[in-house]
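Trainee: Below is the file target_20.cif, with mmCIF, C-alpha atoms.
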```cif
data_structure
loop_
_atom_site.label_atom_id
_atom_site.label_comp_id
_atom_site.auth_asym_id
_atom_site.auth_seq_id
_atom_site.Cartn_x
_atom_site.Cartn_y
_atom_site.Cartn_z
CA MET A 1 75.52 65.77 107.27
CA ILE A 2 76.97 69.21 106.74
CA ARG A 3 78.50 70.54 109.93
CA LYS A 4 77.78 73.97 111.30
CA THR A 5 80.80 76.16 110.77
CA LEU A 6 80.22 79.32 112.79
CA VAL A 7 80.39 79.14 116.57
CA PRO A 8 78.26 81.81 118.27
CA LEU A 9 80.63 84.43 119.65
CA LEU A 10 79.91 86.83 122.47
CA LEU A 11 82.28 89.66 121.69
CA VAL A 12 82.18 93.13 123.19
CA LEU A 13 84.55 95.89 122.14
CA ALA A 14 85.07 98.77 124.52
CA GLY A 15 87.64 101.42 125.27
CA LEU A 16 89.57 100.81 128.45
CA THR A 17 88.17 102.60 131.47
CA ALA A 18 88.98 106.15 132.44
CA ALA A 19 91.37 104.86 135.07
CA LEU A 20 93.65 103.85 132.24
CA ALA A 21 95.85 106.22 130.30
CA THR A 22 93.97 108.37 127.79
CA PRO A 23 94.89 107.59 124.17
CA ALA A 24 96.59 110.40 122.31
CA TYR A 25 97.53 111.05 118.72
CA ALA A 26 100.72 109.18 118.03
CA VAL A 27 103.79 110.10 116.07
CA VAL A 28 104.34 106.58 114.74
CA GLU A 29 102.61 105.77 111.47
CA LEU A 30 103.22 103.56 108.46
CA ASN A 31 102.51 104.87 104.96
CA ILE A 32 101.60 101.79 102.95
CA ASN A 33 101.09 103.70 99.71
CA LYS A 34 104.80 104.12 98.99
CA GLY A 35 105.33 100.82 97.18
CA ASN A 36 107.89 98.55 98.84
CA VAL A 37 107.43 99.43 102.52
CA GLN A 38 110.16 98.67 105.05
CA PRO A 39 108.54 96.56 107.83
CA MET A 40 108.07 98.46 111.09
CA PRO A 41 109.77 96.94 114.17
CA ILE A 42 107.10 96.27 116.81
CA ALA A 43 107.51 94.64 120.24
CA ILE A 44 104.62 92.34 121.17
CA THR A 45 104.85 91.21 124.77
CA ASP A 46 103.06 88.14 126.10
CA LEU A 47 99.67 89.23 127.42
CA LEU A 48 99.74 88.50 131.14
CA SER A 49 97.68 85.47 132.15
CA ASN A 50 97.71 82.63 134.66
CA ASP A 51 97.50 79.78 132.15
CA GLY A 52 99.69 80.68 129.21
CA LEU A 53 96.76 81.71 127.03
CA GLY A 54 98.05 85.28 126.92
CA ALA A 55 101.28 84.11 125.28
CA GLN A 56 99.30 82.12 122.71
CA ILE A 57 97.18 85.17 121.83
CA SER A 58 100.30 87.30 121.51
CA GLY A 59 101.82 84.69 119.23
CA VAL A 60 98.84 84.86 116.86
CA ILE A 61 98.93 88.68 116.89
CA ALA A 62 102.63 88.65 116.02
CA ALA A 63 102.15 86.06 113.27
CA ASP A 64 99.30 88.07 111.70
CA LEU A 65 101.28 91.30 111.65
CA GLN A 66 104.46 89.68 110.39
CA ARG A 67 102.62 87.83 107.62
CA SER A 68 101.26 91.16 106.34
CA GLY A 69 104.81 92.15 105.41
CA LEU A 70 104.36 95.56 107.06
CA PHE A 71 105.59 94.67 110.56
CA ALA A 72 108.70 93.01 111.97
CA PRO A 73 108.07 91.67 115.51
CA VAL A 74 111.15 92.17 117.68
CA ASN A 75 112.72 89.01 119.12
CA LYS A 76 111.49 88.63 122.71
CA GLN A 77 115.00 87.76 123.85
CA ALA A 78 115.98 91.35 123.10
CA PHE A 79 113.38 92.80 125.50
CA ILE A 80 114.95 94.82 128.32
CA GLU A 81 111.88 95.68 130.38
CA LYS A 82 109.74 92.84 131.73
CA ILE A 83 106.11 93.97 131.75
CA SER A 84 104.53 93.05 135.08
CA ASN A 85 101.73 95.62 135.14
CA PRO A 86 100.10 96.34 131.77
CA ASP A 87 98.26 99.31 133.32
CA ALA A 88 101.53 101.12 134.03
CA THR A 89 103.36 103.32 131.54
CA PRO A 90 106.28 101.34 130.11
CA ARG A 91 109.88 102.53 130.23
CA PHE A 92 109.96 103.84 126.70
CA GLN A 93 113.74 104.17 126.61
CA ASP A 94 114.04 100.40 127.09
CA TRP A 95 112.00 99.84 123.94
CA THR A 96 113.55 102.52 121.74
CA ALA A 97 116.93 101.06 122.72
CA ILE A 98 116.01 97.88 120.81
CA ASN A 99 114.49 99.92 117.94
CA ALA A 100 110.88 98.96 118.70
CA GLN A 101 108.81 101.75 117.19
CA ALA A 102 105.60 100.40 118.72
CA LEU A 103 104.84 98.24 121.76
CA VAL A 104 101.89 95.96 122.62
CA THR A 105 101.07 95.05 126.22
CA GLY A 106 97.99 93.61 127.92
CA ARG A 107 96.41 90.85 129.99
CA VAL A 108 93.96 87.96 129.69
CA THR A 109 91.60 86.94 132.49
CA GLN A 110 88.55 84.73 132.98
CA GLU A 111 85.33 86.36 134.22
CA GLY A 112 82.19 84.30 134.75
CA GLY A 113 83.19 81.68 132.22
CA ARG A 114 84.11 84.31 129.64
CA LEU A 115 87.51 85.34 128.42
CA ARG A 116 88.46 88.98 128.87
CA ALA A 117 91.37 90.23 126.78
CA GLU A 118 92.70 93.78 126.97
CA PHE A 119 95.60 95.36 125.19
CA ARG A 120 97.40 98.66 124.74
CA LEU A 121 99.37 99.90 121.78
CA TRP A 122 102.17 102.32 122.64
CA ASP A 123 104.17 104.72 120.46
CA THR A 124 107.60 104.25 122.00
CA TYR A 125 109.32 107.23 120.35
CA GLY A 126 106.33 109.50 120.99
CA SER A 127 106.14 108.16 124.59
CA GLN A 128 102.36 107.82 124.54
CA GLN A 129 99.53 105.33 124.26
CA MET A 130 97.95 105.05 120.85
CA ILE A 131 94.97 102.84 121.65
CA GLY A 132 93.56 100.73 124.48
CA GLN A 133 90.72 98.24 124.08
CA GLN A 134 89.18 95.21 125.76
CA PHE A 135 87.19 92.27 124.43
CA TYR A 136 84.96 89.57 125.89
CA ALA A 137 84.49 86.20 124.20
CA GLN A 138 83.93 82.54 124.86
CA PRO A 139 87.29 80.95 125.76
CA ASP A 140 87.36 78.71 122.68
CA ASN A 141 87.27 81.80 120.47
CA TRP A 142 90.64 83.07 121.71
CA ARG A 143 92.20 82.89 118.23
CA ARG A 144 89.51 85.16 116.84
CA VAL A 145 90.18 87.64 119.66
CA ALA A 146 93.84 87.64 118.63
CA HIS A 147 92.91 88.35 115.01
CA ILE A 148 90.65 91.24 116.06
CA ILE A 149 93.45 92.76 118.16
CA ALA A 150 95.84 92.42 115.22
CA ASP A 151 93.28 94.19 113.02
CA ALA A 152 93.02 97.05 115.54
CA ILE A 153 96.81 97.46 115.63
CA TYR A 154 97.06 97.29 111.83
CA GLU A 155 94.36 99.93 111.38
CA LYS A 156 95.75 102.30 114.01
CA ILE A 157 99.24 102.31 112.53
CA THR A 158 98.45 102.12 108.79
CA GLY A 159 95.17 104.04 108.76
CA GLU A 160 93.47 101.22 106.80
CA LYS A 161 91.29 98.29 107.83
CA GLY A 162 93.01 95.03 108.62
CA TYR A 163 92.03 91.66 107.21
CA PHE A 164 92.94 89.14 109.92
CA ASP A 165 89.45 88.48 111.35
CA THR A 166 88.32 86.77 108.16
CA ARG A 167 87.73 83.30 106.78
CA VAL A 168 88.51 81.58 103.51
CA VAL A 169 86.42 78.97 101.73
CA PHE A 170 88.31 76.65 99.41
CA VAL A 171 88.16 73.34 97.59
CA ALA A 172 89.93 70.67 99.63
CA GLU A 173 91.40 67.96 97.42
CA SER A 174 92.63 64.48 98.30
CA GLY A 175 93.50 61.25 96.53
CA PRO A 176 95.45 60.57 93.33
CA LYS A 177 95.57 63.22 90.62
CA THR A 178 93.44 61.15 88.26
CA ALA A 179 90.69 60.52 90.83
CA ARG A 180 90.56 63.48 93.20
CA LYS A 181 87.98 63.73 95.96
CA THR A 182 86.84 67.31 96.51
CA GLN A 183 85.13 68.95 99.48
CA LEU A 184 84.23 72.48 100.40
CA GLY A 185 86.41 73.63 103.28
CA ILE A 186 86.43 76.74 105.44
CA MET A 187 89.22 78.06 107.67
CA ASP A 188 90.59 81.19 109.27
CA GLN A 189 92.69 83.31 106.93
CA ASP A 190 95.88 81.96 108.52
CA GLY A 191 94.92 78.33 107.83
CA PHE A 192 93.76 77.41 111.34
CA ASN A 193 90.36 76.05 112.42
CA ALA A 194 89.83 74.30 109.09
CA ARG A 195 86.66 72.24 108.76
CA MET A 196 84.79 70.62 105.90
CA LEU A 197 81.37 71.80 104.69
CA THR A 198 80.60 68.92 102.32
CA ASP A 199 81.26 65.20 102.58
CA GLY A 200 83.14 64.70 99.31
CA SER A 201 80.50 62.60 97.58
CA ASP A 202 80.17 65.17 94.77
CA LEU A 203 82.66 67.24 92.78
CA VAL A 204 82.58 70.87 93.95
CA LEU A 205 84.06 73.97 92.32
CA THR A 206 84.34 77.77 92.66
CA PRO A 207 83.00 78.55 96.15
CA ARG A 208 82.31 82.25 96.75
CA PHE A 209 81.23 84.18 99.85
CA SER A 210 78.09 86.26 100.05
CA PRO A 211 78.57 89.89 101.17
CA ASN A 212 76.51 89.02 104.28
CA ARG A 213 79.16 86.42 105.24
CA GLN A 214 76.54 83.76 106.05
CA GLU A 215 76.19 82.15 102.63
CA VAL A 216 78.47 80.51 100.10
CA THR A 217 77.59 79.91 96.48
CA TYR A 218 79.36 77.14 94.60
CA MET A 219 79.03 74.68 91.74
CA SER A 220 78.40 71.00 92.43
CA PHE A 221 78.04 67.93 90.25
CA ALA A 222 75.47 66.32 92.54
CA ASN A 223 73.75 63.41 90.78
CA GLN A 224 76.15 64.00 87.85
CA GLN A 225 74.37 67.28 87.08
CA PRO A 226 76.30 70.59 87.22
CA ARG A 227 74.26 72.94 89.37
CA VAL A 228 74.78 76.14 91.38
CA TYR A 229 73.94 75.95 95.07
CA LEU A 230 73.64 78.28 98.05
CA LEU A 231 74.95 76.98 101.37
CA GLN A 232 73.89 78.61 104.66
CA LEU A 233 76.96 78.48 106.89
CA GLN A 234 75.14 78.69 110.21
CA THR A 235 72.50 76.06 109.52
CA GLY A 236 74.20 73.89 106.89
CA GLN A 237 71.09 74.18 104.73
CA ARG A 238 71.71 73.89 100.99
CA GLU A 239 69.38 75.11 98.26
CA LEU A 240 69.49 74.99 94.49
CA VAL A 241 69.86 78.40 92.85
CA GLY A 242 68.27 77.26 89.60
CA ASN A 243 67.85 74.30 87.31
CA PHE A 244 69.54 75.53 84.17
CA PRO A 245 70.06 73.53 81.00
CA GLY A 246 73.69 72.81 80.15
CA MET A 247 76.72 73.61 82.27
CA THR A 248 76.91 76.40 84.86
CA PHE A 249 80.21 78.00 85.82
CA SER A 250 81.78 80.53 88.16
CA PRO A 251 78.84 81.71 90.29
CA ARG A 252 79.46 84.88 92.28
CA PHE A 253 77.31 87.24 94.37
CA SER A 254 76.53 90.82 93.51
CA PRO A 255 77.83 93.35 96.08
CA ASP A 256 74.36 93.73 97.63
CA GLY A 257 73.94 89.96 97.91
CA GLN A 258 70.63 90.05 96.03
CA ARG A 259 71.81 88.43 92.80
CA VAL A 260 74.10 85.66 91.63
CA ILE A 261 75.99 86.13 88.38
CA MET A 262 77.21 83.08 86.48
CA SER A 263 78.14 81.63 83.12
CA LEU A 264 75.79 79.16 81.40
CA GLN A 265 77.02 76.92 78.61
CA GLN A 266 74.63 76.02 75.82
CA GLU A 267 75.40 74.48 72.42
CA GLY A 268 79.15 74.94 72.65
CA ASN A 269 79.26 78.56 73.78
CA ALA A 270 78.81 80.19 77.17
CA ASN A 271 77.19 83.47 78.14
CA ILE A 272 76.79 85.43 81.34
CA TYR A 273 73.51 85.62 83.21
CA THR A 274 72.32 87.09 86.48
CA MET A 275 69.63 85.63 88.72
CA ASP A 276 67.60 87.67 91.20
CA LEU A 277 67.58 85.54 94.35
CA ARG A 278 64.18 86.85 95.43
CA SER A 279 62.20 86.48 92.22
CA ARG A 280 64.41 83.76 90.67
CA THR A 281 64.25 85.58 87.34
CA THR A 282 67.30 85.44 85.08
CA THR A 283 68.72 88.14 82.83
CA ARG A 284 71.13 87.44 79.99
CA LEU A 285 74.02 89.92 79.79
CA THR A 286 76.18 88.61 76.93
CA SER A 287 75.21 86.98 73.65
CA THR A 288 78.17 85.74 71.64
CA ALA A 289 79.30 82.56 69.93
CA ALA A 290 82.24 82.45 72.35
CA ILE A 291 83.05 81.40 75.91
CA ASP A 292 82.18 84.26 78.31
CA THR A 293 82.82 83.29 81.92
CA SER A 294 84.32 84.24 85.32
CA PRO A 295 82.20 87.38 85.90
CA SER A 296 83.06 89.65 88.83
CA TYR A 297 81.22 92.79 89.94
CA SER A 298 82.90 96.07 90.80
CA PRO A 299 82.34 96.87 94.51
CA ASP A 300 79.72 99.51 93.67
CA GLY A 301 77.83 97.02 91.49
CA THR A 302 77.86 99.22 88.38
CA GLN A 303 80.34 97.22 86.27
CA ILE A 304 81.33 93.62 85.63
CA ALA A 305 84.70 92.21 84.62
CA PHE A 306 84.71 88.87 82.79
CA GLU A 307 86.86 86.72 80.53
CA SER A 308 86.02 85.90 76.93
CA ASP A 309 87.70 84.24 73.96
CA ARG A 310 85.58 86.17 71.44
CA GLY A 311 88.80 87.64 70.02
CA GLY A 312 90.48 84.26 69.53
CA LYS A 313 91.98 83.70 72.99
CA GLN A 314 91.03 84.45 76.57
CA GLN A 315 91.11 88.15 77.42
CA ILE A 316 89.56 90.38 80.08
CA TYR A 317 86.53 92.48 79.24
CA VAL A 318 84.48 94.97 81.22
CA MET A 319 80.81 95.84 80.76
CA ASN A 320 78.13 97.79 82.57
CA ALA A 321 75.97 95.85 85.01
CA ASP A 322 73.15 95.72 82.45
CA GLY A 323 75.43 94.17 79.82
CA SER A 324 76.03 97.34 77.81
CA ASN A 325 79.39 98.80 76.74
CA GLN A 326 81.29 95.52 76.53
CA HIS A 327 84.94 96.30 75.83
CA ARG A 328 88.30 94.56 76.11
CA ILE A 329 90.88 95.87 78.60
CA SER A 330 93.76 93.32 78.42
CA PHE A 331 96.17 93.64 75.49
CA GLY A 332 99.44 92.08 76.66
CA ASP A 333 101.02 88.93 75.29
CA GLY A 334 99.41 85.71 76.48
CA ALA A 335 95.95 84.69 77.67
CA TYR A 336 94.11 86.40 80.56
CA SER A 337 91.50 84.77 82.79
CA THR A 338 89.75 84.74 86.22
CA PRO A 339 89.40 88.53 86.65
CA VAL A 340 88.41 89.63 90.17
CA TRP A 341 87.62 93.23 91.06
CA SER A 342 89.41 94.63 94.11
CA PRO A 343 87.23 95.58 97.12
CA ARG A 344 88.83 99.03 96.85
CA GLY A 345 87.56 99.36 93.29
CA ASP A 346 90.92 100.44 91.86
CA LEU A 347 92.38 97.21 90.47
CA ILE A 348 91.42 93.94 88.81
CA ALA A 349 93.41 90.81 89.68
CA PHE A 350 93.83 88.13 87.03
CA THR A 351 95.60 84.97 85.93
CA LYS A 352 97.88 85.29 82.89
CA GLN A 353 99.24 82.39 80.88
CA SER A 354 102.28 82.95 78.68
CA GLY A 355 103.86 79.81 77.31
CA GLN A 356 104.20 77.31 80.16
CA SER A 357 104.09 79.98 82.88
CA PHE A 358 101.06 81.15 84.84
CA SER A 359 101.19 84.49 86.64
CA ILE A 360 98.98 86.28 89.14
CA GLY A 361 98.82 89.98 88.33
CA VAL A 362 96.84 93.18 88.72
CA MET A 363 95.85 95.96 86.35
CA LYS A 364 93.86 99.16 86.64
CA THR A 365 90.21 98.92 85.70
CA ASP A 366 90.89 100.42 82.26
CA GLY A 367 93.62 97.81 81.59
CA SER A 368 96.59 100.11 82.18
CA GLY A 369 99.36 99.61 84.73
CA GLU A 370 99.60 95.82 84.43
CA ARG A 371 101.92 94.26 87.04
CA LEU A 372 102.71 90.58 87.53
CA LEU A 373 103.09 89.72 91.22
CA THR A 374 104.18 86.09 91.04
CA THR A 375 104.87 83.52 88.30
CA GLY A 376 105.03 79.74 88.42
CA PHE A 377 104.22 76.50 86.63
CA HIS A 378 100.50 76.81 87.41
CA ASN A 379 99.17 79.74 89.44
CA GLU A 380 95.46 80.48 89.28
CA GLY A 381 92.33 81.69 91.06
CA PRO A 382 93.12 85.04 92.72
CA THR A 383 90.87 86.28 95.54
CA TRP A 384 91.20 89.58 97.43
CA ALA A 385 91.51 90.24 101.14
CA PRO A 386 88.70 92.61 102.15
CA ASN A 387 91.09 95.58 102.45
CA GLY A 388 92.35 95.13 98.88
CA ARG A 389 96.02 94.82 99.91
CA VAL A 390 96.62 91.06 99.73
CA ILE A 391 95.69 88.39 97.18
CA MET A 392 95.32 84.65 97.84
CA PHE A 393 95.62 82.12 95.02
CA PHE A 394 96.47 78.47 94.43
CA ARG A 395 99.60 77.00 92.89
CA GLU A 396 99.94 73.52 91.48
CA PRO A 397 103.54 72.39 90.96
CA GLN A 398 104.67 70.32 88.03
CA GLY A 399 104.43 66.60 88.72
CA SER A 400 102.08 64.38 90.66
CA SER A 401 101.59 66.50 93.79
CA GLY A 402 98.55 68.72 94.31
CA PRO A 403 97.67 72.40 94.61
CA GLN A 404 98.43 74.57 97.65
CA LEU A 405 97.24 78.01 98.73
CA TYR A 406 99.49 81.07 98.80
CA SER A 407 99.09 84.76 99.50
CA ILE A 408 100.99 87.72 98.13
CA ASP A 409 100.69 91.45 98.75
CA LEU A 410 100.55 94.16 96.12
CA THR A 411 104.30 94.77 96.30
CA GLY A 412 104.92 91.25 94.98
CA TYR A 413 107.66 90.72 97.57
CA ASN A 414 105.72 89.14 100.43
CA GLU A 415 104.61 85.69 99.29
CA GLN A 416 103.37 83.30 101.98
CA LYS A 417 102.24 79.67 101.87
CA ILE A 418 98.92 79.09 103.66
CA PRO A 419 98.73 75.82 105.64
CA THR A 420 95.79 73.56 104.76
CA PRO A 421 94.89 70.01 105.87
CA GLY A 422 95.73 68.65 102.40
CA PHE A 423 95.71 69.87 98.83
CA ALA A 424 93.64 73.00 98.29
CA SER A 425 92.47 75.16 95.39
CA ASP A 426 89.86 77.80 94.44
CA PRO A 427 90.15 80.02 97.55
CA ALA A 428 87.63 82.79 98.24
CA TRP A 429 88.19 85.39 100.97
CA SER A 430 85.32 86.49 103.21
CA PRO A 431 84.55 90.08 104.16
CA LEU A 432 85.57 91.10 107.68
CA LEU A 433 83.52 89.18 110.24
CA GLU A 434 81.22 90.94 112.68
#
```
Go ahead and render the structure in this file as structure tokens.
Mentor:
Amino acid sequence: MIRKTLVPLLLVLAGLTAALATPAYAVVELNINKGNVQPMPIAITDLLSNDGLGAQISGVIAADLQRSGLFAPVNKQAFIEKISNPDATPRFQDWTAINAQALVTGRVTQEGGRLRAEFRLWDTYGSQQMIGQQFYAQPDNWRRVAHIIADAIYEKITGEKGYFDTRVVFVAESGPKTARKTQLGIMDQDGFNARMLTDGSDLVLTPRFSPNRQEVTYMSFANQQPRVYLLQLQTGQRELVGNFPGMTFSPRFSPDGQRVIMSLQQEGNANIYTMDLRSRTTTRLTSTAAIDTSPSYSPDGTQIAFESDRGGKQQIYVMNADGSNQHRISFGDGAYSTPVWSPRGDLIAFTKQSGQSFSIGVMKTDGSGERLLTTGFHNEGPTWAPNGRVIMFFREPQGSSGPQLYSIDLTGYNEQKIPTPGFASDPAWSPLLE
């Protein structure tokens, strides 16, 4: 039986009451459009609590911000002031003395069986509060509360949405390399709260989130037949998208969630089709004697990036959403595959193979400005964080071991390994949760 994966969450966001300090415009800010950004020192105190939960929440907040590569949490042993009343104005000179440009304080309490978490973000050099908020949730959702607080801090300081309150679906792999068992897995973006969505009885590939966050589309070889399925995350219900002849590959939702785009293989070649999920009608977008696959919509739904070997080897092409104006945009040495349009609409991520090396890179939507972010023996399958600043992918080392998930930001300097229960591949990042 497929397990339910989303726990109902009672979550209320509110500004702290008028009795608390009024937020003001802060001097501290972080311009993340300058290329290689120097991480900002930030002091994150343990949120006051009676049971140690506040320290755990603070630890998740600090880990989120540090993993972004934009923040450098100050070692707690360097703290001069001990926060005993998070409602009081801190001694800013004690924090600037240890070069903390921002400060986080707060408390965690239990009210009527619910967890109440409140925090304040202070500009230490500007000597003022930047933001103050409080949240209510079920106690077992404390990690999600921490991610939401980290998102609020990230957005206030950088001016852009965070990406910490998100999930990732992936293919969990186990067993020997020649006989791998695969399952659909889902976890928080930091690798915690991992759970399986399928039982491993069938081979599964290419899971992708719906824009509404409640569905995943993927390919399964149930009953030895390759088919595209929709999985409802809340109910565990699975339905067949369509019974197509031949092989189906790389299903992905349109930005409005009303269509699934995929590649169908027939008589040795593969072309790209869309299916309207309401009427179940299909529309063919490409018609070549080649392999056209891995389609990905632009965020406004007007264009589609895809890979094709119509020119002799895999390259990236772009076309209009109706299949018109198909044109190649990748012209570097090597083969290009798995294009994925950024949620910001400005870049396309891709996998590039050159010799024995596989790289994860980005290019502008017209093919210019190509940059390789990371290179290894086998890197593949990029997926974007919802703010378009970080890419997750999988890497399989040479030898008998299995694939693992990694993330890297657009600077190419901040690569992080993502913990998973076992081997993992084919990640897909969710939009921000609600």
Trainee: Which distance in Å separates CA of Pro226 (chain A) and CA of Val204 (chain A), to one decimal?
Mentor: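 About the pair CA of Pro226 (chain A) and CA of Val204 (chain A): they are 9.2 Å apart.
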Trainee: Taking (71.0, 91.0, 92.7) as a centre in this file's frame and 8 Å as the limit, can you find every polymer residue with an atom that close, using only C-alpha atoms, and give them as an mmCIF file with C-alpha atoms, keeping the file's coordinate frame?
Mentor:
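So point-v4.cif came out as:
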```cif
data_model
loop_
_atom_site.group_PDB
_atom_site.id
_atom_site.type_symbol
_atom_site.label_atom_id
_atom_site.label_comp_id
_atom_site.auth_asym_id
_atom_site.auth_seq_id
_atom_site.Cartn_x
_atom_site.Cartn_y
_atom_site.Cartn_z
ATOM 1 C CA PHE A 253 77.310 87.240 94.370
ATOM 2 C CA SER A 254 76.530 90.820 93.510
ATOM 3 C CA PRO A 255 77.830 93.350 96.080
ATOM 4 C CA ASP A 256 74.360 93.730 97.630
ATOM 5 C CA GLY A 257 73.940 89.960 97.910
ATOM 6 C CA GLN A 258 70.630 90.050 96.030
ATOM 7 C CA ARG A 259 71.810 88.430 92.800
ATOM 8 C CA VAL A 260 74.100 85.660 91.630
ATOM 9 C CA THR A 274 72.320 87.090 86.480
ATOM 10 C CA MET A 275 69.630 85.630 88.720
ATOM 11 C CA ASP A 276 67.600 87.670 91.200
ATOM 12 C CA LEU A 277 67.580 85.540 94.350
#
```
Trainee: For Ser279 (chain A), which of A:Gly242, A:Tyr125, A:Gln66, A:Leu264 is the closest residue, counting only C-alpha atoms?
Mentor: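 Closest to Ser279 (chain A), using only C-alpha atoms: A:Gly242.
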Trainee: Between CA of Asp309 (chain A) and CA of Ile291 (chain A), what is the distance, to one decimal in Å?
Mentor: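 Calculated distance between CA of Asp309 (chain A) and CA of Ile291 (chain A) is 5.8 Å.
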Trainee: Excluding region 345-355 of chain A and any residue of its chain fewer than 2 positions from it, enumerate the residues within 8 Å of it, using all atoms listed in the file, and give them as a list in words.
Mentor: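 Surrounding residues, per the criterion: Ser298, Pro299, Asp300, Asp333, Gly334, Ala335, Tyr336, Ser337, Thr338, Pro339, Val340, Trp341, Ser342, Pro343, Ser357, Phe358, Ser359, Ile360, Gly361, Val362, Met363, Lys364, Thr365, Asn379, Glu380, Gly381, Pro382 and Thr383 of chain A.
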Trainee: Could you tell me how far CA of Gly69 (chain A) sits from CA of Arg107 (chain A), in Å to one decimal place?
Mentor: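 So the answer is 26.0 Å.
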Trainee: Residues near Val145 (chain A), anyone? I mean within 10 Å using all atoms listed in the file, not counting same-chain ones fewer than 4 positions away, as a ChimeraX atom specification.
Mentor: /A:11,57,60-61,115-118,134-141,149-151,165
Trainee: Expand the PyMOL selection byres ((chain A and resi 189) around 7) into the explicit residue set it covers here, and present it as an MDAnalysis selection string.
Mentor: chainID A and resid 164 166:168 187:188 190:191
Trainee: Atoms to include: C-alpha atoms. Write the selected residues as an mmCIF file, in the frame of the given file.
Mentor:
```cif
data_model
loop_
_atom_site.group_PDB
_atom_site.id
_atom_site.type_symbol
_atom_site.label_atom_id
_atom_site.label_comp_id
_atom_site.auth_asym_id
_atom_site.auth_seq_id
_atom_site.Cartn_x
_atom_site.Cartn_y
_atom_site.Cartn_z
ATOM 1 C CA PHE A 164 92.940 89.140 109.920
ATOM 2 C CA THR A 166 88.320 86.770 108.160
ATOM 3 C CA ARG A 167 87.730 83.300 106.780
ATOM 4 C CA VAL A 168 88.510 81.580 103.510
ATOM 5 C CA MET A 187 89.220 78.060 107.670
ATOM 6 C CA ASP A 188 90.590 81.190 109.270
ATOM 7 C CA ASP A 190 95.880 81.960 108.520
ATOM 8 C CA GLY A 191 94.920 78.330 107.830
#
```
Trainee: From the set A:Val28, A:Val228, A:Ile131, A:Ala289, which residue has the shortest atom-to-atom contact distance to Gly312 (chain A), counting only C-alpha atoms?
Mentor: A:Ala289
Trainee: Starting from the shown file, work through the PyMOL selection byres ((chain A and resi 293-296) around 8) and note down what comes out as a ChimeraX atom specification.
Mentor: /A:249-252,261-263,270-272,291-292,297-298,304-308,337-341
Trainee: Which residue, A:Gln77, A:Gln133, A:Asn320, A:Thr206, has the smallest gap to Trp429 (chain A) when you use only C-alpha atoms?
Mentor: A:Thr206
Trainee: Expand the PyMOL selection byres ((chain A and resi 98) around 12) into the individual residues it matches in the shown file, reporting them as a list in words.
Mentor: Pro41, Ile42, Ala43, Pro73, Val74, Asn75, Lys76, Gln77, Ala78, Phe79, Ile80, Glu81, Phe92, Gln93, Asp94, Trp95, Thr96, Ala97, Asn99, Ala100, Gln101, Ala102, Leu103, Thr124 and Tyr125 of chain A
Trainee: Would you kindly return, as a list in words, each protein, DNA or RNA residue with an atom no farther than 10 Å from any atom of Ser430 (chain A), considering all atoms listed in the file and excluding same-chain residues fewer than 2 positions away?
Mentor: Tyr163, Asp165, Thr166, Arg167, Val168, Val169, Asp188, Gln189, Arg208, Phe209, Ser210, Pro211, Asn212, Arg213, Gln214, Val216, Thr383, Trp384, Ala385, Pro386, Pro427, Ala428, Leu432 and Leu433 of chain A
Trainee: Which is closer to Pro397 (chain A) than all the others in A:Phe377, A:Tyr273, A:Phe192, A:Tyr413, using all atoms listed in the file?
Mentor: A:Phe377
Trainee: Under the rule that only C-alpha atoms are counted, which of A:Phe393, A:Asn325, A:Thr89, A:Gln266 is the nearest residue to Ser127 (chain A)?
Mentor: A:Thr89
Trainee: Which of these residues is nearest to Ser174 (chain A), using all atoms listed in the file: A:Gly200, A:Glu215, A:Gly332, A:Ala321?
Mentor: A:Gly200
